[in-house]
Structure formats: C-alpha cells, structure tokens
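A.B. asks: Hey, dropping target_5.cif in here, mmCIF, C-alpha atoms:
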data_query
#
loop_
_atom_site.label_atom_id
_atom_site.label_comp_id
_atom_site.auth_asym_id
_atom_site.auth_seq_id
_atom_site.Cartn_x
_atom_site.Cartn_y
_atom_site.Cartn_z
CA MET A 1 0.00 0.00 0.00
CA ALA A 2 1.31 3.44 -0.91
CA LYS A 3 2.38 5.61 2.02
CA LYS A 4 -0.05 8.43 2.73
CA ARG A 5 1.32 11.76 1.49
CA ARG A 6 1.82 14.40 4.12
CA ASN A 7 0.44 17.89 3.44
CA GLN A 8 3.12 20.27 2.19
CA GLU A 9 2.23 22.76 4.94
CA ASN A 10 3.03 20.19 7.65
CA ARG A 11 6.57 19.45 6.45
CA GLY A 12 9.17 20.45 9.01
CA LEU A 13 6.67 21.02 11.82
CA PRO A 14 7.35 19.62 15.29
CA LYS A 15 5.92 16.26 16.22
CA ARG A 16 2.14 16.27 16.82
CA TRP A 17 1.76 19.62 15.01
CA ARG A 18 -0.37 20.16 11.94
CA PHE A 19 -1.57 23.10 9.86
CA VAL A 20 -5.29 22.99 9.05
CA HIS A 21 -7.59 25.68 7.66
CA GLY A 22 -5.17 28.52 8.32
CA CYS A 23 -4.23 27.59 11.90
CA TYR A 24 -1.55 25.53 13.62
CA TYR A 25 -2.80 22.80 15.94
CA TYR A 26 -1.13 20.61 18.54
CA SER A 27 -2.43 17.06 19.10
CA VAL A 28 -2.32 16.70 22.88
CA PRO A 29 -0.83 13.38 24.10
CA PRO A 30 -3.38 11.14 25.85
CA GLY A 31 -3.61 11.88 29.56
CA GLN A 32 -2.25 15.43 29.28
CA GLU A 33 -5.49 17.13 28.28
CA SER A 34 -5.80 18.87 31.65
CA LYS A 35 -2.64 20.84 30.90
CA TRP A 36 -4.12 22.04 27.61
CA ASP A 37 -7.48 23.35 28.85
CA GLY A 38 -9.01 19.87 28.63
CA LYS A 39 -8.64 19.76 24.85
CA LYS A 40 -7.35 16.93 22.67
CA THR A 41 -6.43 19.35 19.89
CA PHE A 42 -5.13 22.77 20.89
CA ASN A 43 -5.14 25.82 18.60
CA LEU A 44 -1.67 27.40 18.69
CA GLY A 45 -2.40 30.36 16.44
CA LYS A 46 -2.47 31.47 12.81
CA THR A 47 1.21 32.26 12.30
CA LEU A 48 4.22 30.06 12.93
CA PRO A 49 5.90 32.54 15.34
CA ASP A 50 2.69 32.77 17.37
CA ALA A 51 2.37 28.99 17.41
CA TYR A 52 5.92 28.51 18.69
CA ARG A 53 5.41 31.19 21.35
CA VAL A 54 2.16 29.66 22.65
CA TRP A 55 3.55 26.14 22.54
CA ALA A 56 6.73 27.14 24.41
CA ALA A 57 4.73 28.95 27.09
CA ARG A 58 2.55 25.90 27.60
CA ILE A 59 5.51 23.54 27.80
CA GLU A 60 7.28 25.85 30.26
CA ARG A 61 4.14 26.03 32.39
CA GLY A 62 3.92 22.24 32.37
CA GLU A 63 7.52 21.98 33.54
CA LYS A 64 6.84 24.48 36.32
CA THR A 65 3.71 22.78 37.55
CA VAL A 66 2.03 24.72 40.36
CA THR A 67 0.23 22.61 42.92
CA LEU A 68 -2.83 23.74 44.80
CA ALA A 69 -0.79 23.59 47.99
CA ALA A 70 1.51 26.26 46.53
CA LEU A 71 -1.47 28.32 45.40
CA PHE A 72 -3.04 28.09 48.87
CA GLU A 73 0.24 29.19 50.44
CA ARG A 74 0.39 32.30 48.26
CA TYR A 75 -3.31 32.97 48.85
CA ALA A 76 -2.71 32.78 52.61
CA LEU A 77 0.18 35.24 52.36
CA GLU A 78 -1.30 37.79 49.96
CA VAL A 79 -5.10 37.60 50.13
CA ILE A 80 -6.20 36.45 53.56
CA PRO A 81 -4.43 39.32 55.41
CA THR A 82 -6.63 41.80 53.51
CA LYS A 83 -9.83 40.30 54.95
CA ALA A 84 -11.63 40.97 58.22
CA PRO A 85 -10.13 39.21 61.27
CA LYS A 86 -13.02 36.78 61.61
CA SER A 87 -12.80 35.87 57.92
CA GLN A 88 -9.04 35.38 58.24
CA THR A 89 -9.50 32.83 61.01
CA GLU A 90 -12.17 30.98 59.06
CA ASN A 91 -10.19 31.00 55.80
CA VAL A 92 -7.07 29.60 57.46
CA ARG A 93 -9.12 26.72 58.84
CA GLN A 94 -10.75 26.12 55.44
CA LEU A 95 -7.43 26.17 53.58
CA LYS A 96 -6.10 23.47 55.88
CA ILE A 97 -9.02 21.21 54.93
CA LEU A 98 -8.71 22.04 51.22
CA THR A 99 -4.97 21.35 51.27
CA GLU A 100 -5.56 17.87 52.64
CA ALA A 101 -7.99 17.15 49.80
CA PHE A 102 -6.42 18.96 46.83
CA GLY A 103 -2.91 19.99 47.89
CA SER A 104 -0.93 17.54 45.75
CA ALA A 105 -2.95 18.22 42.57
CA SER A 106 -1.74 20.68 39.95
CA LEU A 107 -3.93 23.61 38.96
CA SER A 108 -4.66 22.00 35.61
CA ASP A 109 -5.83 18.74 37.17
CA VAL A 110 -8.99 20.07 38.82
CA ARG A 111 -12.25 19.44 36.95
CA PRO A 112 -15.92 20.05 37.84
CA VAL A 113 -16.46 16.39 38.74
CA HIS A 114 -13.86 16.69 41.49
CA ILE A 115 -15.87 19.48 43.11
CA TYR A 116 -19.01 17.35 43.18
CA GLN A 117 -17.04 14.42 44.59
CA TYR A 118 -15.59 16.62 47.33
CA VAL A 119 -18.98 17.94 48.44
CA ASP A 120 -20.55 14.47 48.30
CA ALA A 121 -17.80 13.05 50.49
CA ARG A 122 -18.19 15.74 53.17
CA SER A 123 -20.84 15.16 55.83
CA ALA A 124 -20.94 18.87 56.67
CA LYS A 125 -22.50 20.12 53.42
CA VAL A 126 -22.78 23.78 54.41
CA ALA A 127 -19.12 23.91 55.41
CA ALA A 128 -18.15 22.08 52.21
CA ARG A 129 -19.95 24.64 50.02
CA ARG A 130 -18.18 27.49 51.80
CA GLU A 131 -14.85 25.76 51.30
CA ILE A 132 -15.58 25.44 47.58
CA MET A 133 -16.36 29.17 47.47
CA LEU A 134 -12.89 29.81 48.89
CA LEU A 135 -11.34 27.37 46.40
CA SER A 136 -13.10 29.18 43.57
CA HIS A 137 -11.72 32.53 44.70
CA ALA A 138 -8.23 31.02 44.92
CA PHE A 139 -8.52 29.96 41.26
CA THR A 140 -9.71 33.46 40.35
CA LYS A 141 -6.55 34.84 41.95
CA ALA A 142 -4.50 32.22 40.07
CA ILE A 143 -5.81 33.69 36.81
CA GLU A 144 -4.91 37.18 38.02
CA TRP A 145 -1.39 35.98 38.89
CA GLY A 146 -0.93 34.39 35.46
CA LEU A 147 -0.75 30.82 36.73
CA ILE A 148 -3.69 29.62 34.59
CA ASP A 149 -5.80 31.05 31.79
CA ASN A 150 -9.23 29.67 32.66
CA HIS A 151 -11.19 28.87 35.79
CA PRO A 152 -11.64 25.08 35.95
CA PHE A 153 -15.18 25.01 37.31
CA LYS A 154 -16.70 28.48 37.60
CA GLY A 155 -20.12 28.50 35.93
CA GLN A 156 -19.92 24.75 35.36
CA ILE A 157 -21.17 23.41 38.69
CA ARG A 158 -24.48 23.81 40.48
CA LEU A 159 -24.39 23.23 44.22
CA GLN A 160 -27.48 23.42 46.36
CA GLY A 161 -27.19 26.63 48.34
CA GLU A 162 -27.93 27.25 51.98
CA LYS A 163 -31.59 27.79 52.76
CA PRO A 164 -32.04 31.39 53.89
CA ARG A 165 -33.40 31.89 57.38
CA ASP A 166 -37.10 32.85 57.23
CA ARG A 167 -37.79 34.04 60.79
CA TYR A 168 -39.85 37.23 60.62
CA VAL A 169 -40.09 39.19 63.86
CA GLU A 170 -43.63 40.49 64.28
CA ASP A 171 -44.33 44.02 65.52
CA TRP A 172 -45.91 42.73 68.74
CA GLU A 173 -42.74 40.75 69.52
CA VAL A 174 -40.64 43.90 69.23
CA ILE A 175 -43.09 45.78 71.45
CA GLU A 176 -42.86 43.00 74.04
CA ALA A 177 -39.06 43.12 73.98
CA LEU A 178 -39.06 46.91 74.33
CA SER A 179 -41.50 46.74 77.26
CA LEU A 180 -39.13 44.63 79.34
CA PRO A 181 -38.41 46.58 82.56
CA ALA A 182 -34.88 47.98 82.77
CA PRO A 183 -33.52 47.77 86.34
CA GLN A 184 -31.08 50.59 85.58
CA LYS A 185 -31.27 53.65 83.35
CA ARG A 186 -27.78 53.02 82.00
CA GLY A 187 -26.33 49.88 80.47
CA GLY A 188 -27.90 46.45 80.27
CA VAL A 189 -31.51 46.28 79.11
CA ALA A 190 -31.75 50.00 78.37
CA VAL A 191 -28.80 49.84 75.97
CA VAL A 192 -30.13 46.80 74.11
CA GLN A 193 -33.58 48.36 73.72
CA ALA A 194 -32.09 51.54 72.28
CA TYR A 195 -29.94 49.40 70.00
CA ILE A 196 -33.01 47.52 68.72
CA LYS A 197 -34.78 50.78 67.85
CA LEU A 198 -31.76 52.08 65.97
CA LYS A 199 -31.31 48.81 64.09
CA LEU A 200 -34.96 48.73 62.99
CA LEU A 201 -34.66 52.28 61.66
CA THR A 202 -31.36 51.87 59.81
CA GLY A 203 -30.91 48.14 59.17
CA LEU A 204 -27.23 48.54 60.03
CA ALA A 205 -25.24 45.37 60.69
CA ARG A 206 -24.01 44.66 64.20
CA GLY A 207 -20.41 45.60 63.48
CA ASP A 208 -21.41 48.95 61.98
CA LEU A 209 -23.75 49.84 64.85
CA LEU A 210 -21.20 48.93 67.51
CA ARG A 211 -18.56 51.04 65.73
CA LEU A 212 -20.74 54.18 65.59
CA GLN A 213 -18.98 57.26 66.97
CA PRO A 214 -21.09 60.41 67.31
CA GLY A 215 -18.06 62.63 66.76
CA VAL A 216 -17.23 60.85 63.51
CA HIS A 217 -20.44 59.56 61.97
CA PHE A 218 -23.09 62.08 63.06
CA GLN A 219 -23.39 64.80 60.42
CA LYS A 220 -25.68 67.78 60.00
CA ASP A 221 -27.92 65.88 57.59
CA GLY A 222 -27.82 62.45 59.20
CA ILE A 223 -25.64 59.47 60.14
CA LEU A 224 -22.89 58.89 57.58
CA VAL A 225 -21.70 55.28 57.53
CA GLN A 226 -19.22 53.33 55.45
CA ARG A 227 -19.93 49.64 55.96
CA HIS A 228 -16.98 47.91 57.58
CA LYS A 229 -17.56 44.76 55.52
CA THR A 230 -17.17 46.52 52.16
CA ALA A 231 -14.87 49.40 53.11
CA LYS A 232 -11.93 47.79 51.28
CA SER A 233 -13.94 46.73 48.25
CA THR A 234 -16.67 49.15 47.16
CA GLY A 235 -15.94 51.82 49.76
CA LYS A 236 -19.53 53.00 49.40
CA ARG A 237 -20.92 55.34 52.06
CA THR A 238 -24.56 55.79 53.08
CA LEU A 239 -26.21 58.77 54.76
CA TYR A 240 -29.20 57.89 56.94
CA GLU A 241 -31.10 61.17 56.99
CA TRP A 242 -32.30 62.53 60.28
CA THR A 243 -35.94 61.97 61.16
CA PRO A 244 -37.65 62.61 64.51
CA GLU A 245 -37.67 58.84 65.13
CA LEU A 246 -33.97 58.46 64.30
CA ARG A 247 -32.98 61.38 66.52
CA ALA A 248 -35.09 59.97 69.36
CA ALA A 249 -33.42 56.56 69.04
CA VAL A 250 -29.96 58.13 69.07
CA ASP A 251 -30.85 60.26 72.10
CA GLU A 252 -32.10 57.17 73.92
CA ALA A 253 -28.90 55.29 73.12
CA THR A 254 -26.83 58.25 74.30
CA ARG A 255 -28.69 58.41 77.63
CA ALA A 256 -28.30 54.66 78.14
CA ARG A 257 -24.52 54.67 77.71
CA PRO A 258 -22.73 53.58 80.88
CA LEU A 259 -20.14 56.34 80.31
CA ASP A 260 -20.99 59.80 78.93
CA ILE A 261 -17.52 60.70 77.66
CA ALA A 262 -17.05 57.51 75.63
CA PRO A 263 -16.34 58.05 71.92
CA PHE A 264 -18.67 55.18 70.95
CA LEU A 265 -22.46 55.30 70.96
CA PHE A 266 -22.53 51.73 72.27
CA CYS A 267 -19.73 51.03 74.75
CA ASN A 268 -18.87 48.91 77.76
CA ARG A 269 -18.44 50.26 81.28
CA LYS A 270 -14.89 51.33 80.48
CA GLY A 271 -16.10 53.40 77.53
CA GLN A 272 -14.52 51.01 75.04
CA SER A 273 -16.09 49.60 71.90
CA TYR A 274 -17.59 46.14 72.17
CA MET A 275 -15.83 45.25 68.91
CA ASN A 276 -12.46 43.55 69.14
CA GLU A 277 -10.78 44.76 65.96
CA GLU A 278 -8.06 42.09 66.17
CA THR A 279 -10.51 39.17 66.15
CA GLY A 280 -13.58 40.79 64.59
CA THR A 281 -15.70 39.52 67.50
CA ALA A 282 -17.87 41.26 70.09
CA ASP A 283 -18.04 38.73 72.91
CA GLY A 284 -19.15 41.22 75.56
CA TRP A 285 -22.03 42.41 73.41
CA ASP A 286 -23.02 38.87 72.48
CA SER A 287 -23.27 37.97 76.17
CA LEU A 288 -25.36 41.08 76.83
CA TRP A 289 -27.71 40.19 73.96
CA GLN A 290 -28.10 36.58 75.13
CA ARG A 291 -28.98 37.67 78.68
CA PHE A 292 -31.51 40.11 77.26
CA MET A 293 -33.13 37.44 75.08
CA GLU A 294 -33.34 35.03 78.01
CA ARG A 295 -35.33 37.62 79.93
CA VAL A 296 -37.53 38.31 76.90
CA LEU A 297 -38.39 34.61 76.58
CA THR A 298 -39.14 34.17 80.28
CA GLU A 299 -40.82 37.49 81.15
CA THR A 300 -42.80 38.37 78.01
CA LYS A 301 -45.21 36.67 75.61
CA VAL A 302 -42.44 36.06 73.06
CA THR A 303 -41.84 32.31 72.73
CA GLU A 304 -39.37 32.09 69.83
CA ARG A 305 -35.89 33.53 70.06
CA PHE A 306 -34.86 36.09 67.44
CA THR A 307 -31.42 37.31 66.48
CA GLU A 308 -29.97 40.69 65.60
CA HIS A 309 -29.81 39.46 62.01
CA ASP A 310 -33.57 38.81 62.17
CA LEU A 311 -34.10 42.46 63.15
CA ARG A 312 -31.99 43.58 60.20
CA ALA A 313 -34.21 41.40 58.01
CA LYS A 314 -37.32 42.95 59.60
CA CYS A 315 -36.07 46.39 58.63
CA ALA A 316 -35.75 45.20 55.03
CA SER A 317 -39.07 43.33 55.08
CA ASP A 318 -40.99 46.33 56.40
CA ALA A 319 -39.51 48.74 53.85
CA ASP A 320 -42.00 50.12 51.31
CA SER A 321 -40.10 48.69 48.35
CA LEU A 322 -37.29 46.31 47.50
CA GLU A 323 -35.17 49.25 46.35
CA GLN A 324 -35.62 51.04 49.68
CA ALA A 325 -34.71 47.83 51.49
CA ARG A 326 -31.59 47.42 49.34
CA ALA A 327 -30.53 51.00 50.02
CA LEU A 328 -31.12 50.68 53.77
CA LEU A 329 -29.00 47.55 53.97
CA THR A 330 -26.46 49.05 51.52
CA HIS A 331 -26.51 45.99 49.28
CA ALA A 332 -24.95 46.27 45.83
CA ASP A 333 -27.39 43.73 44.40
CA SER A 334 -31.10 43.74 45.26
CA ARG A 335 -31.22 39.98 44.66
CA THR A 336 -29.38 39.46 47.94
CA THR A 337 -31.91 41.68 49.70
CA ALA A 338 -34.86 39.85 48.17
CA ARG A 339 -33.54 36.34 48.77
CA ILE A 340 -32.30 36.68 52.35
CA TYR A 341 -33.84 39.75 53.98
CA ARG A 342 -37.34 40.27 52.55
CA ARG A 343 -39.15 37.72 54.73
CA LYS A 344 -42.76 38.85 54.73
CA PRO A 345 -45.17 36.63 52.76
CA GLU A 346 -46.00 38.04 49.34
CA ARG A 347 -49.54 39.42 49.37
CA VAL A 348 -51.70 38.66 46.32
CA ARG A 349 -55.35 39.13 45.44
CA PRO A 350 -57.32 36.00 44.52
CA GLY A 351 -58.23 35.45 40.89
CA LYS A 352 -61.74 36.07 39.52
CA GLY A 353 -62.68 32.41 39.48
CA ILE A 354 -65.49 31.23 37.21
CA GLY A 355 -67.53 34.13 35.92
CA LYS A 356 -71.28 34.14 36.50
#
Can you dump the structure from the file as structure tokens?
C.D. replies:
Amino acid sequence: MAKKRRNQENRGLPKRWRFVHGCYYYSVPPGQESKWDGKKTFNLGKTLPDAYRVWAARIERGEKTVTLAALFERYALEVIPTKAPKSQTENVRQLKILTEAFGSASLSDVRPVHIYQYVDARSAKVAARREIMLLSHAFTKAIEWGLIDNHPFKGQIRLQGEKPRDRYVEDWEVIEALSLPAPQKRGGVAVVQAYIKLKLLTGLARGDLLRLQPGVHFQKDGILVQRHKTAKSTGKRTLYEWTPELRAAVDEATRARPLDIAPFLFCNRKGQSYMNEETGTADGWDSLWQRFMERVLTETKVTERFTEHDLRAKCASDADSLEQARALLTHADSRTTARIYRRKPERVRPGKGIGK
C-alpha cells in the first residue's frame, strides 16, 4: 500500500503539530489534556511565530507545575491578610481542609467532577460549600497571577445553596421586647432596647452599629456610615437622613450609655467599643444580647428567640419597596436583599374564578 502523502504545509513542523484551515494545531498526548485546557487538539495560532510562542509557554508552564498547595500558600500570604479578622481565622481553617484534599494536585488537574465528589464526600455540606467558594476565589486569583488562563469550574457546577433563614419578627414581639423593665437607666436592658430601635430604623449590621462614633459619623444631615464589611472593596458610604424617630433613638442610646464621655455610641463600662478589631468579635455584646433574650423569653409573651440578624431582616421586610430595602441595607445587588432579607409573605389578590 502506498504511504499516505503528508500535506506540504506540515513538512518540518514539530511532532504532533499540523496546519489545518489557516491555523496551527497541537495534538495533545493522551492523559495530558488537563494541561491544555481539557482539549485533545489545541489551537496554537495562525502564524508560525505565534504557534511557537504559545507552545513554548505551555511547555514551560507544564515543567513548572504549580500545585494547589503552593497556590493556597500564596493565597494565605497575599489575600487572607486583607480580609476581616473573623474571615481570616475561618479562611485559614478552610485552607487546611482544602490542602488535605487537593494539595498535591496541579492547577490544571482540577475538573468540575472533582468538586461534586468533594462535596458528596463531606458530611458537613454547608461547610463544604463554603470551602468550595474559597477554592473558587483562589482559582480566580491564580488567573490574576498568570498561573492559569481559565477557571476550571466556575459556571460549570451547580451546588445546592444554603436555605435562607425565614424568621420574621412580628411588631408585637418587638413591642414586648421593648417593654421589658430595665432595672437601671444606664447599660444592660436600656442599651439593648435603644440598640433595637436604631437597628430597625437603619438596618445597620451589628459591626457597623457597635462602631458608631457620634463625633465621627453624626453629620448635620444624618448618620454617615461606610460599611466595615465593604470598606476595602466598594468603599460606598450611606447617609441615613435625620428623622424625629432616628434622633429619638440616638438620644435614647446616648442616655443609656454607661459612660458619657465615651467616643462610641454603644460602649462597655470602660467606655470602650464592644468590637475587638483584632478578632472581629464582640463577645461582651453577644453575652449582653443573650442575657436580654433570656429575659424576653421568660418574662414576656415572646416564645421564639430572634437574632440581631432577624431584626436587620425585619427592617428590610418592612420597607415600602425592594429598592428602599436594598438602600437601607447598603446591598450592591437587590437579589441578595430579596432572597435573604425580605421575609414577609407576598400578598396577592385571589383570581376572579369562574364568571357568573
């Protein structure tokens, strides 16, 4: 049998190369597809210089294989320190778990099926999904750092998300909590009740409320706040305009402070903020809130515990519109507001039924 003639364009090309329809292609050796974006045939470019350049870069990258353990190490050094203290602690713990599972793999080895297998193998599904979120962000940074060209699973997997909490605090429950007798005019119950009123008016997160400083945040037109959570990302600021109700809530909180000269609106007996900026926690405030809720459950008609987050959701749920709720909670995307914070049942009018 006559030997098959090779195309003139392919003469002199490296092994596994071929020129077809105006482009140079590389036939990827079996088992190495992951290093070539999962493809069996890789387009190197339209010109020979471009093809050699792309091919050389790919070969060099293959020789300098980066493992996920190395990526996690760089992520821990460069990214985690930029996050809030509480997030730093959580991310370090998550990276340890991810390293045990993926550490020896190269960046090009990870495929969507591995993500599903990881989540299926973990008994703690919520924790597993959060770990995958961190893994996804690490791959995003790998693209930024030039370690890979494409994200291996973003937009290709569909994990069941956490079910949003649906506890809606009714008006009568708030009234009951606010009617709880305060044994002292300063501190304790009086402070928490003033805090509840201010939270329901502004929807501010705990960390932002506990960091409020009258000398810094109180302006002529209202309370100017830059959310601590997004200060390093969006940097957006929100002005909560003064209303008689807002001024009254602030005055009540000021009177309830255990120390008049403290710089913080909500402070402990030493005049210090409840927030520990090194850890991102507020243990003293959490204890105060828990003691308050225990009294609410034993001394009022309220039978189901509610959290500060539930009150933030009530502020959003009671807003006249989704847009107002989004603005109050300073969300960039109203879908977050609608999915997690708008907890009132949707009211609809019945249909006309069968006409007479």
A.B. asks: Pick from A:Lys301, A:Arg186, A:Arg342, A:Arg237: nearest to Asp318 in chain A, with all atoms listed in the file counted?
C.D. replies: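 Using all atoms listed in the file, Asp318 in chain A sits closest to A:Arg342.
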A.B. asks: Record the distance separating CA of Glu131 in chain A and CA of Gln88 in chain A, expressed in Å with one decimal.
C.D. replies: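 So the two atoms, CA of Glu131 in chain A and CA of Gln88 in chain A, lie 13.2 Å apart.
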A.B. asks: Have a look at A:Thr337, A:Thr41, A:Thr298, A:Ser317 and name the one nearest to Leu200 in chain A; count only C-alpha atoms.
C.D. replies: A:Ser317
A.B. asks: Smallest atom-to-atom distance to Trp55 in chain A: which of A:Leu322, A:Ile97, A:Val28, A:Leu71, using only C-alpha atoms?
C.D. replies: A:Val28
A.B. asks: If you apply the PyMOL selection byres ((chain A and resi 303) around 12) to this file, what residues do you get, as a PDB file with C-alpha atoms, keeping the file's coordinate frame?
C.D. replies:
ATOM      1  CA  VAL A 169     -40.090  39.190  63.860  1.00  0.00           C
ATOM      2  CA  GLU A 170     -43.630  40.490  64.280  1.00  0.00           C
ATOM      3  CA  TRP A 172     -45.910  42.730  68.740  1.00  0.00           C
ATOM      4  CA  GLU A 173     -42.740  40.750  69.520  1.00  0.00           C
ATOM      5  CA  GLU A 176     -42.860  43.000  74.040  1.00  0.00           C
ATOM      6  CA  ALA A 177     -39.060  43.120  73.980  1.00  0.00           C
ATOM      7  CA  MET A 293     -33.130  37.440  75.080  1.00  0.00           C
ATOM      8  CA  GLU A 294     -33.340  35.030  78.010  1.00  0.00           C
ATOM      9  CA  ARG A 295     -35.330  37.620  79.930  1.00  0.00           C
ATOM     10  CA  VAL A 296     -37.530  38.310  76.900  1.00  0.00           C
ATOM     11  CA  LEU A 297     -38.390  34.610  76.580  1.00  0.00           C
ATOM     12  CA  THR A 298     -39.140  34.170  80.280  1.00  0.00           C
ATOM     13  CA  GLU A 299     -40.820  37.490  81.150  1.00  0.00           C
ATOM     14  CA  THR A 300     -42.800  38.370  78.010  1.00  0.00           C
ATOM     15  CA  LYS A 301     -45.210  36.670  75.610  1.00  0.00           C
ATOM     16  CA  VAL A 302     -42.440  36.060  73.060  1.00  0.00           C
ATOM     17  CA  GLU A 304     -39.370  32.090  69.830  1.00  0.00           C
ATOM     18  CA  ARG A 305     -35.890  33.530  70.060  1.00  0.00           C
ATOM     19  CA  PHE A 306     -34.860  36.090  67.440  1.00  0.00           C
TER      20      PHE A 306
END
A.B. asks: Excluding same-chain residues fewer than 6 positions from Lys39 in chain A, what lies within 12 Å of it counting all atoms listed in the file, as a ChimeraX atom specification?
C.D. replies: /A:25-33,108
A.B. asks: With C-alpha atoms retained, write the just-selected residues as an mmCIF file, in the frame of the given file.
C.D. replies:
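Wrote it out as result.cif, contents follow:
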data_model
loop_
_atom_site.group_PDB
_atom_site.id
_atom_site.type_symbol
_atom_site.label_atom_id
_atom_site.label_comp_id
_atom_site.auth_asym_id
_atom_site.auth_seq_id
_atom_site.Cartn_x
_atom_site.Cartn_y
_atom_site.Cartn_z
ATOM 1 C CA TYR A 25 -2.800 22.800 15.940
ATOM 2 C CA TYR A 26 -1.130 20.610 18.540
ATOM 3 C CA SER A 27 -2.430 17.060 19.100
ATOM 4 C CA VAL A 28 -2.320 16.700 22.880
ATOM 5 C CA PRO A 29 -0.830 13.380 24.100
ATOM 6 C CA PRO A 30 -3.380 11.140 25.850
ATOM 7 C CA GLY A 31 -3.610 11.880 29.560
ATOM 8 C CA GLN A 32 -2.250 15.430 29.280
ATOM 9 C CA GLU A 33 -5.490 17.130 28.280
ATOM 10 C CA SER A 108 -4.660 22.000 35.610
#
A.B. asks: Output the residue selection produced by the PyMOL selection byres ((chain A and resi 116-118) around 9) on the file above, formatted as a VMD selection string.
C.D. replies: chain A and resid 101 112 to 115 119 to 122 128 132 157 to 159
A.B. asks: Could you tell me how far CA of Ile148 in chain A lies from CA of Ser87 in chain A, in Å and to one decimal?
C.D. replies: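 Answer for the CA of Ile148 in chain A to CA of Ser87 in chain A separation: 25.8 Å.
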A.B. asks: Give me the residues within 12 Å of Arg93 in chain A as a compact mmCIF listing (two decimals) with C-alpha atoms, in the frame of the given file, counting only C-alpha atoms and dropping any in the same chain fewer than 2 places off.
C.D. replies:
# COMPACT_ATOMS: atom_id res chain seq x y z
CA PHE A 72 -3.04 28.09 48.87
CA ALA A 76 -2.71 32.78 52.61
CA ILE A 80 -6.20 36.45 53.56
CA LYS A 86 -13.02 36.78 61.61
CA SER A 87 -12.80 35.87 57.92
CA GLN A 88 -9.04 35.38 58.24
CA THR A 89 -9.50 32.83 61.01
CA GLU A 90 -12.17 30.98 59.06
CA ASN A 91 -10.19 31.00 55.80
CA LEU A 95 -7.43 26.17 53.58
CA LYS A 96 -6.10 23.47 55.88
CA ILE A 97 -9.02 21.21 54.93
CA LEU A 98 -8.71 22.04 51.22
CA THR A 99 -4.97 21.35 51.27
CA GLU A 100 -5.56 17.87 52.64
CA ALA A 127 -19.12 23.91 55.41
CA ARG A 130 -18.18 27.49 51.80
CA GLU A 131 -14.85 25.76 51.30
CA LEU A 134 -12.89 29.81 48.89
A.B. asks: Kindly indicate which residue among A:Pro81, A:Gly222, A:Gly22, A:Gly280 lies nearest to Pro244 in chain A, using all atoms listed in the file for the distances.
C.D. replies: A:Gly222
A.B. asks: Can you translate the PyMOL selection byres ((chain A and resi 205) around 12) into the concrete residues it hits in this file, as an MDAnalysis selection string?
C.D. replies: chainID A and resid 195:196 198:204 206:212 225:230 307:313 315:316 328:331
A.B. asks: Could you please determine the separation between CA of Ala231 in chain A and CA of Leu77 in chain A in Å, to one decimal place?
C.D. replies: 20.7 Å
A.B. asks: Pick the closest to Leu107 in chain A from A:Val126, A:Pro152, A:Lys232, A:Glu73: which is it, counting all atoms listed in the file?
C.D. replies: A:Pro152
